[in-house]
Each structure stands twice: as C-alpha cells, then as structure tokens.
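Visitor: Dropping a structure here in structure tokens format, bear with me for questions.
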Amino acid sequence: MKILVTGAAGFIGSALSLRILERGDEVVGIDNLNDYYDVNLKLARLERLRDYDHFKFVKLEIADKKAVEDIFVKGKFQRVMHLAAQAGVRYSITNPHAYIDSNIVGFINMLEGCRHNGIEHLAYASSSSVYGANTKMPFSVHDNVDHPVSLYAASKKANELMAHTYSHLYKLPTTGLRFFTVYGPWGRPDMSLFMFTRNILDGKAIDVFNYGNHQRDFTYIDDIIEGVIRVIDKPAQANADWVSKNPDPATSLAPYRVYNIGNNDPVHLLAFIETLEKCLGKEAIKNLLPLQPGDVPDTYADVSDLVHDLGYKPTTSLENGIKNFVEWYKDFYKIA
C-alpha cells in the first residue's frame, strides 16, 4: 500500500512510519517541522526513515488547503494515518488559535482530501483528553464525552464529530484513536517523562502537579504502534445493530469507529516517578503544585473493544518502558 502519514516527524508519526516501511509499504510523510519543541529532535527522527527508498518526506502545513489538495492528487494514496496536530493541554490555554488552525482547519482539509481522492480508510489521532470531566472508570468509548476541560480536548472531540459526518455523507471509513499518555524512546520533550528525566539528571526540581495525586494510563510507544497498524489494516465498518433510540457513541450506521489505546493499568504519578528514579539511580527533587487548568486528574482506558475487534492489548510493563526510554535518552544526548 501507499500510505500518507501526517506528523511524520513527530513521536508517534515517525515510529509508525518506520514500522510501515519495515513491512514494505510505501510512506509519504508530511510535517510542518514547527518549533513547538526542539526541531533537531524532529529532524533526527526523520533521519531514521531516510534509509528507505520507499519513503518520501514533504514539509507541509496541513492548514494550507491548496497544499493538502495537491499532495492528495499527486500521491494517489490508499490509506491515511492523520497524526499531525497541535499537541499539549496546557499550551492550549495560552495559544488557542494554534489549535483551531491545526486541529480544526487542518482536519477538514484532510477529510476533504480523503473524500475527493478515493481513500480506503482514514485513521486519525484523538486523545484520552476527550473524557474531560468524566469520572466513571475505566473510560469507555461507549460513554458520552461532552464535557471537555481544555481546548485541545475540544478540538479532538470535534475531529471525531467531523469524521462521523464524512463517514455518514460520503461513506468514508474513519477510525479515531484515543491515545492514553504515550511514552518511550524518541518521545516529546514537553511530556512528563522527558522533562522529569532531564531535570533529575541536571539536579533540578521537577514540577509535580496535583501534589502527585494524578493517575495516568501510561502506554508504551511500541504498544501504540501495534494498535495503530492493526487499525489501519482494518477499515471501519458500519454497525448494523446501531440503534438511534439508544445511540452508541463509538459506532454508527456509517463506517465509523472510535477506539481507546491505553495500557489498561493506571499508575499513580508518584509511583511513576519512583520507577524513573530507580532507572536513573538518582532521587528527584519534587516541587509539589496544585492541579493545573485543563488537566484531567485520572485516566484509565477500557480497551475491551480493541481486544474484541483487533485481537490486541498493550503489554509493555512500566518498568521496561521507562528503562528503554532512559537508555535511549542517555545515548541520544550522550550522557555517561
């Protein structure tokens, strides 16, 4: 297949592209290479992909309607994995327009590209953030998610609604993936594991929000990629049993689907930090702070649909995942 991967220089996008290339499929990767975090890290991720003759990279802004139209017409893709987005919950508090440009305008451009070019399946990144003010645990794709607590979450919920519209109107198969706190080698510098590791090694304090009372369903990158691959290979189907009087938010009479991809094993933030301290052989200096605006106190993924439909469940332990990250971090940044 020929697959378009957006956000190909990102954490998940680069790992997914590598996996697709390794199995022999062709990848066209696009990314705007913005400076939300270290561009050199993004370029280093891309370098891993350039060894493959069947990889092509195009620097492109997904909010640019004409540029997106052109790449779809020229690319002749079979499937699309849309990962490009403005990420970050806290950043959305101070930079809301970035989320509208990338996550809303960019997403409609992708939907239109798929609609007009015969794409067999659009899979796209949603987020566990859509669960917002929900407190029923574990979070299920069959529960309503109508109370987001950040603009980032609202933009991801909007993506799911927009995707359903196109699935309904144009029979475009779409699958949304609600990722739960992805971590691992080549990760994002704005996420807790990266920041904690850097500060602990530098002897600086780490900011521990909600006084460490968070719980997160940390999900290792390889587990995420395996789930994504299985989704790409299985285009969404209409649910013939869907009933409008009791509508299931995760399915539809249209070819539309939503899945959680999480570890199904929430970890207390202080336990997470303790595991990192063991891997680093160094204790953290903790700066305990209150809950931040837009943050969700706990996340916990119900992955029963992922298991039932795709025969897959994440399996990497937190200990092994953090160990692998620390080894990568020390090697990448040349730390003895």
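Lettering and numbering for the structure tokens are positional, with chains as A, B, ... in the shown order, residues counted from 1 in each chain, and ligands counted from 1 in the shown order.
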From the DSSP assignment of the backbone, select every residue of segment 132-285 of chain A that is alpha helix (DSSP H), and format the answer as number ranges by chain.
Guide: A: 151-170, 192-202, 221-232, 269-280
Visitor: Please list as an MDAnalysis selection string every residue within 9 Å of Asn159 of chain A, counting only C-alpha atoms and excluding residues in the same chain fewer than 6 positions away.
Guide: chainID A and resid 103:104 107:108 124:126 176
Visitor: Hey, which of A:Phe57, A:Trp242, A:Phe194, A:Phe209 ends up closest to Tyr37 of chain A? Count only C-alpha atoms.
Guide: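 Distance minimum relative to Tyr37 of chain A lands on A:Phe194.
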Visitor: Mind running segment 23-142 of chain A against segment 185-189 of chain A at 10 Å and telling me each contacting residue's nearest atom pair with the distance in Å (one decimal), counting only C-alpha atoms, chain and number ascending, as a Markdown table?
Guide:
```
| residue | atom | partner | partner_atom | distance |
| --- | --- | --- | --- | --- |
| A:Tyr36 | CA | A:Pro189 | CA | 9.7 |
| A:Tyr37 | CA | A:Pro189 | CA | 6.7 |
| A:Asp38 | CA | A:Pro189 | CA | 7.7 |
| A:Leu41 | CA | A:Trp186 | CA | 7.9 |
| A:Lys42 | CA | A:Trp186 | CA | 9.0 |
| A:Ala44 | CA | A:Trp186 | CA | 9.1 |
| A:Arg45 | CA | A:Trp186 | CA | 7.3 |
```
Visitor: Extract the full set of strand (DSSP E) residues from segment 116-299 of chain A according to DSSP on the backbone, and format it as a PyMOL selection string.
Guide: chain A and resi 121-127+174-179+182-183+205-208+215-216+219-220+256-261+267-268+285-288
Visitor: How would the residues just chosen look if you wrote them out with N, CA, C and O atoms as a compact mmCIF listing (two decimals), in the first residue's frame?
Guide:
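For reference, result_36.txt as written:
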```
# COMPACT_ATOMS: atom_id res chain seq x y z
N HIS A 121 -9.42 4.32 3.76
CA HIS A 121 -9.57 4.37 5.22
C HIS A 121 -8.78 5.56 5.76
O HIS A 121 -7.59 5.71 5.46
N LEU A 122 -9.43 6.38 6.54
CA LEU A 122 -8.77 7.45 7.29
C LEU A 122 -8.76 7.07 8.76
O LEU A 122 -9.82 6.97 9.39
N ALA A 123 -7.57 6.85 9.30
CA ALA A 123 -7.41 6.70 10.75
C ALA A 123 -6.78 7.98 11.27
O ALA A 123 -5.98 8.62 10.57
N TYR A 124 -7.15 8.39 12.46
CA TYR A 124 -6.67 9.68 12.96
C TYR A 124 -6.50 9.63 14.48
O TYR A 124 -7.14 8.83 15.17
N ALA A 125 -5.64 10.50 14.97
CA ALA A 125 -5.37 10.57 16.40
C ALA A 125 -6.41 11.41 17.11
O ALA A 125 -6.59 12.58 16.80
N SER A 126 -7.11 10.78 18.04
CA SER A 126 -7.91 11.52 19.01
C SER A 126 -7.08 11.53 20.30
O SER A 126 -5.85 11.47 20.24
N SER A 127 -7.71 11.58 21.44
CA SER A 127 -6.95 11.68 22.69
C SER A 127 -7.80 11.26 23.88
O SER A 127 -9.03 11.45 23.88
N THR A 174 -13.76 5.90 8.64
CA THR A 174 -12.89 6.66 9.54
C THR A 174 -12.79 5.96 10.89
O THR A 174 -13.78 5.43 11.40
N THR A 175 -11.59 5.97 11.46
CA THR A 175 -11.38 5.39 12.79
C THR A 175 -10.57 6.37 13.64
O THR A 175 -9.46 6.76 13.26
N GLY A 176 -11.12 6.76 14.77
CA GLY A 176 -10.43 7.64 15.70
C GLY A 176 -9.78 6.83 16.81
O GLY A 176 -10.36 5.88 17.33
N LEU A 177 -8.57 7.22 17.17
CA LEU A 177 -7.80 6.51 18.19
C LEU A 177 -7.53 7.43 19.37
O LEU A 177 -6.83 8.43 19.24
N ARG A 178 -8.12 7.08 20.50
CA ARG A 178 -7.90 7.87 21.72
C ARG A 178 -6.67 7.32 22.44
O ARG A 178 -6.71 6.31 23.14
N PHE A 179 -5.56 8.03 22.24
CA PHE A 179 -4.30 7.62 22.85
C PHE A 179 -4.24 8.02 24.32
O PHE A 179 -4.65 9.13 24.68
N VAL A 182 1.15 8.51 25.91
CA VAL A 182 2.16 7.73 25.20
C VAL A 182 3.55 8.14 25.67
O VAL A 182 3.84 9.33 25.84
N TYR A 183 4.43 7.15 25.88
CA TYR A 183 5.79 7.45 26.31
C TYR A 183 6.74 6.44 25.69
O TYR A 183 6.32 5.39 25.17
N ALA A 205 14.72 20.62 40.29
CA ALA A 205 13.43 20.15 40.80
C ALA A 205 12.49 19.82 39.64
O ALA A 205 12.57 20.42 38.57
N ILE A 206 11.60 18.86 39.86
CA ILE A 206 10.55 18.55 38.89
C ILE A 206 9.22 19.06 39.44
O ILE A 206 8.96 18.99 40.64
N ASP A 207 8.40 19.61 38.55
CA ASP A 207 7.08 20.08 38.94
C ASP A 207 6.11 18.91 38.95
O ASP A 207 5.90 18.25 37.92
N VAL A 208 5.54 18.63 40.12
CA VAL A 208 4.61 17.51 40.28
C VAL A 208 3.23 18.10 40.56
O VAL A 208 2.94 18.55 41.67
N GLN A 215 -3.37 9.94 38.40
CA GLN A 215 -3.14 8.59 37.90
C GLN A 215 -3.19 8.67 36.38
O GLN A 215 -4.05 9.34 35.82
N ARG A 216 -2.24 7.99 35.72
CA ARG A 216 -2.18 8.02 34.27
C ARG A 216 -2.04 6.60 33.73
O ARG A 216 -1.33 5.77 34.29
N THR A 219 1.16 4.46 28.30
CA THR A 219 1.14 3.46 27.23
C THR A 219 2.42 3.56 26.40
O THR A 219 2.73 4.63 25.85
N TYR A 220 3.13 2.46 26.31
CA TYR A 220 4.44 2.44 25.65
C TYR A 220 4.29 2.58 24.14
O TYR A 220 3.35 2.05 23.54
N TYR A 256 -17.82 4.08 10.70
CA TYR A 256 -17.18 4.99 11.68
C TYR A 256 -16.87 4.20 12.94
O TYR A 256 -17.68 3.38 13.39
N ARG A 257 -15.68 4.45 13.51
CA ARG A 257 -15.30 3.72 14.73
C ARG A 257 -14.37 4.57 15.58
O ARG A 257 -13.61 5.41 15.07
N VAL A 258 -14.45 4.38 16.90
CA VAL A 258 -13.53 5.01 17.84
C VAL A 258 -12.99 3.94 18.78
O VAL A 258 -13.76 3.09 19.26
N TYR A 259 -11.68 3.97 19.04
CA TYR A 259 -11.06 3.02 19.98
C TYR A 259 -10.21 3.76 21.00
O TYR A 259 -9.59 4.79 20.70
N ASN A 260 -10.13 3.22 22.20
CA ASN A 260 -9.10 3.58 23.16
C ASN A 260 -7.87 2.74 22.88
O ASN A 260 -7.98 1.53 22.63
N ILE A 261 -6.69 3.35 22.96
CA ILE A 261 -5.44 2.58 23.02
C ILE A 261 -4.71 3.04 24.27
O ILE A 261 -4.10 4.11 24.30
N VAL A 267 -1.37 4.17 36.66
CA VAL A 267 -0.25 4.22 37.61
C VAL A 267 -0.28 5.57 38.33
O VAL A 267 -0.44 6.62 37.70
N HIS A 268 -0.14 5.54 39.64
CA HIS A 268 -0.06 6.77 40.44
C HIS A 268 1.20 7.53 40.04
O HIS A 268 2.27 6.94 39.85
N ILE A 285 14.08 15.82 43.08
CA ILE A 285 13.67 16.91 43.96
C ILE A 285 12.28 17.33 43.49
O ILE A 285 12.12 17.78 42.35
N LYS A 286 11.28 17.17 44.33
CA LYS A 286 9.90 17.36 43.89
C LYS A 286 9.35 18.72 44.33
O LYS A 286 9.43 19.08 45.50
N ASN A 287 8.78 19.42 43.37
CA ASN A 287 8.10 20.68 43.61
C ASN A 287 6.61 20.41 43.49
O ASN A 287 6.07 20.38 42.38
N LEU A 288 5.93 20.18 44.61
CA LEU A 288 4.53 19.79 44.59
C LEU A 288 3.63 21.01 44.34
O LEU A 288 3.71 22.02 45.06
```
Visitor: Here is a test: counting only C-alpha atoms, which residue of A:Thr94, A:Asn32, A:Asn117, A:Thr165 is nearest to Thr6 of chain A?
Guide: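 Closest residue, counting only C-alpha atoms: A:Asn32.
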Visitor: Set the distance at 8 Å and use only C-alpha atoms: which residues neighbour segment 78-92 of chain A once local chain neighbours fewer than 5 positions away are removed? I'd like the list as an mmCIF file with C-alpha atoms, in the first residue's frame.
Guide:
```cif
data_model
loop_
_atom_site.group_PDB
_atom_site.id
_atom_site.type_symbol
_atom_site.label_atom_id
_atom_site.label_comp_id
_atom_site.auth_asym_id
_atom_site.auth_seq_id
_atom_site.Cartn_x
_atom_site.Cartn_y
_atom_site.Cartn_z
ATOM 1 C CA MET A 1 0.000 0.000 0.000
ATOM 2 C CA LYS A 2 0.887 3.648 -0.282
ATOM 3 C CA ILE A 3 0.083 5.382 2.983
ATOM 4 C CA LEU A 4 0.092 9.070 3.863
ATOM 5 C CA VAL A 5 1.331 9.693 7.405
ATOM 6 C CA THR A 6 0.843 13.235 8.683
ATOM 7 C CA GLY A 7 3.028 14.419 11.548
ATOM 8 C CA ALA A 8 5.743 12.072 10.296
ATOM 9 C CA GLY A 10 6.523 13.538 15.458
ATOM 10 C CA ILE A 12 4.151 8.602 17.098
ATOM 11 C CA GLY A 13 4.298 9.521 13.403
ATOM 12 C CA ASP A 31 5.117 17.614 8.759
ATOM 13 C CA ILE A 62 -1.953 20.943 6.916
ATOM 14 C CA ALA A 98 -2.873 27.318 17.117
ATOM 15 C CA TYR A 99 -5.347 24.532 17.899
ATOM 16 C CA SER A 102 -4.014 22.860 13.002
ATOM 17 C CA ASN A 103 -6.625 20.659 14.653
ATOM 18 C CA GLY A 106 -6.107 21.079 9.177
ATOM 19 C CA MET A 110 -7.589 16.072 5.437
ATOM 20 C CA CYS A 114 -9.791 11.761 1.550
ATOM 21 C CA GLY A 118 -10.986 7.644 -3.031
ATOM 22 C CA ILE A 119 -9.139 6.965 0.227
ATOM 23 C CA GLU A 120 -9.982 3.478 1.542
ATOM 24 C CA HIS A 121 -9.566 4.374 5.222
ATOM 25 C CA LEU A 122 -8.768 7.453 7.288
ATOM 26 C CA ALA A 123 -7.407 6.695 10.748
ATOM 27 C CA TYR A 124 -6.669 9.678 12.959
ATOM 28 C CA ALA A 125 -5.365 10.573 16.402
ATOM 29 C CA SER A 150 -9.340 22.088 27.594
ATOM 30 C CA LEU A 151 -9.490 23.468 24.075
ATOM 31 C CA TYR A 152 -7.118 20.700 22.994
ATOM 32 C CA ALA A 153 -9.664 18.124 24.171
ATOM 33 C CA ASP A 190 7.064 18.620 26.614
ATOM 34 C CA ILE A 232 -5.008 0.933 9.512
ATOM 35 C CA GLN A 292 -3.418 22.856 36.557
ATOM 36 C CA PRO A 293 -6.270 24.272 34.449
ATOM 37 C CA GLY A 294 -7.264 21.823 31.717
ATOM 38 C CA ASP A 295 -5.712 18.782 33.389
#
```
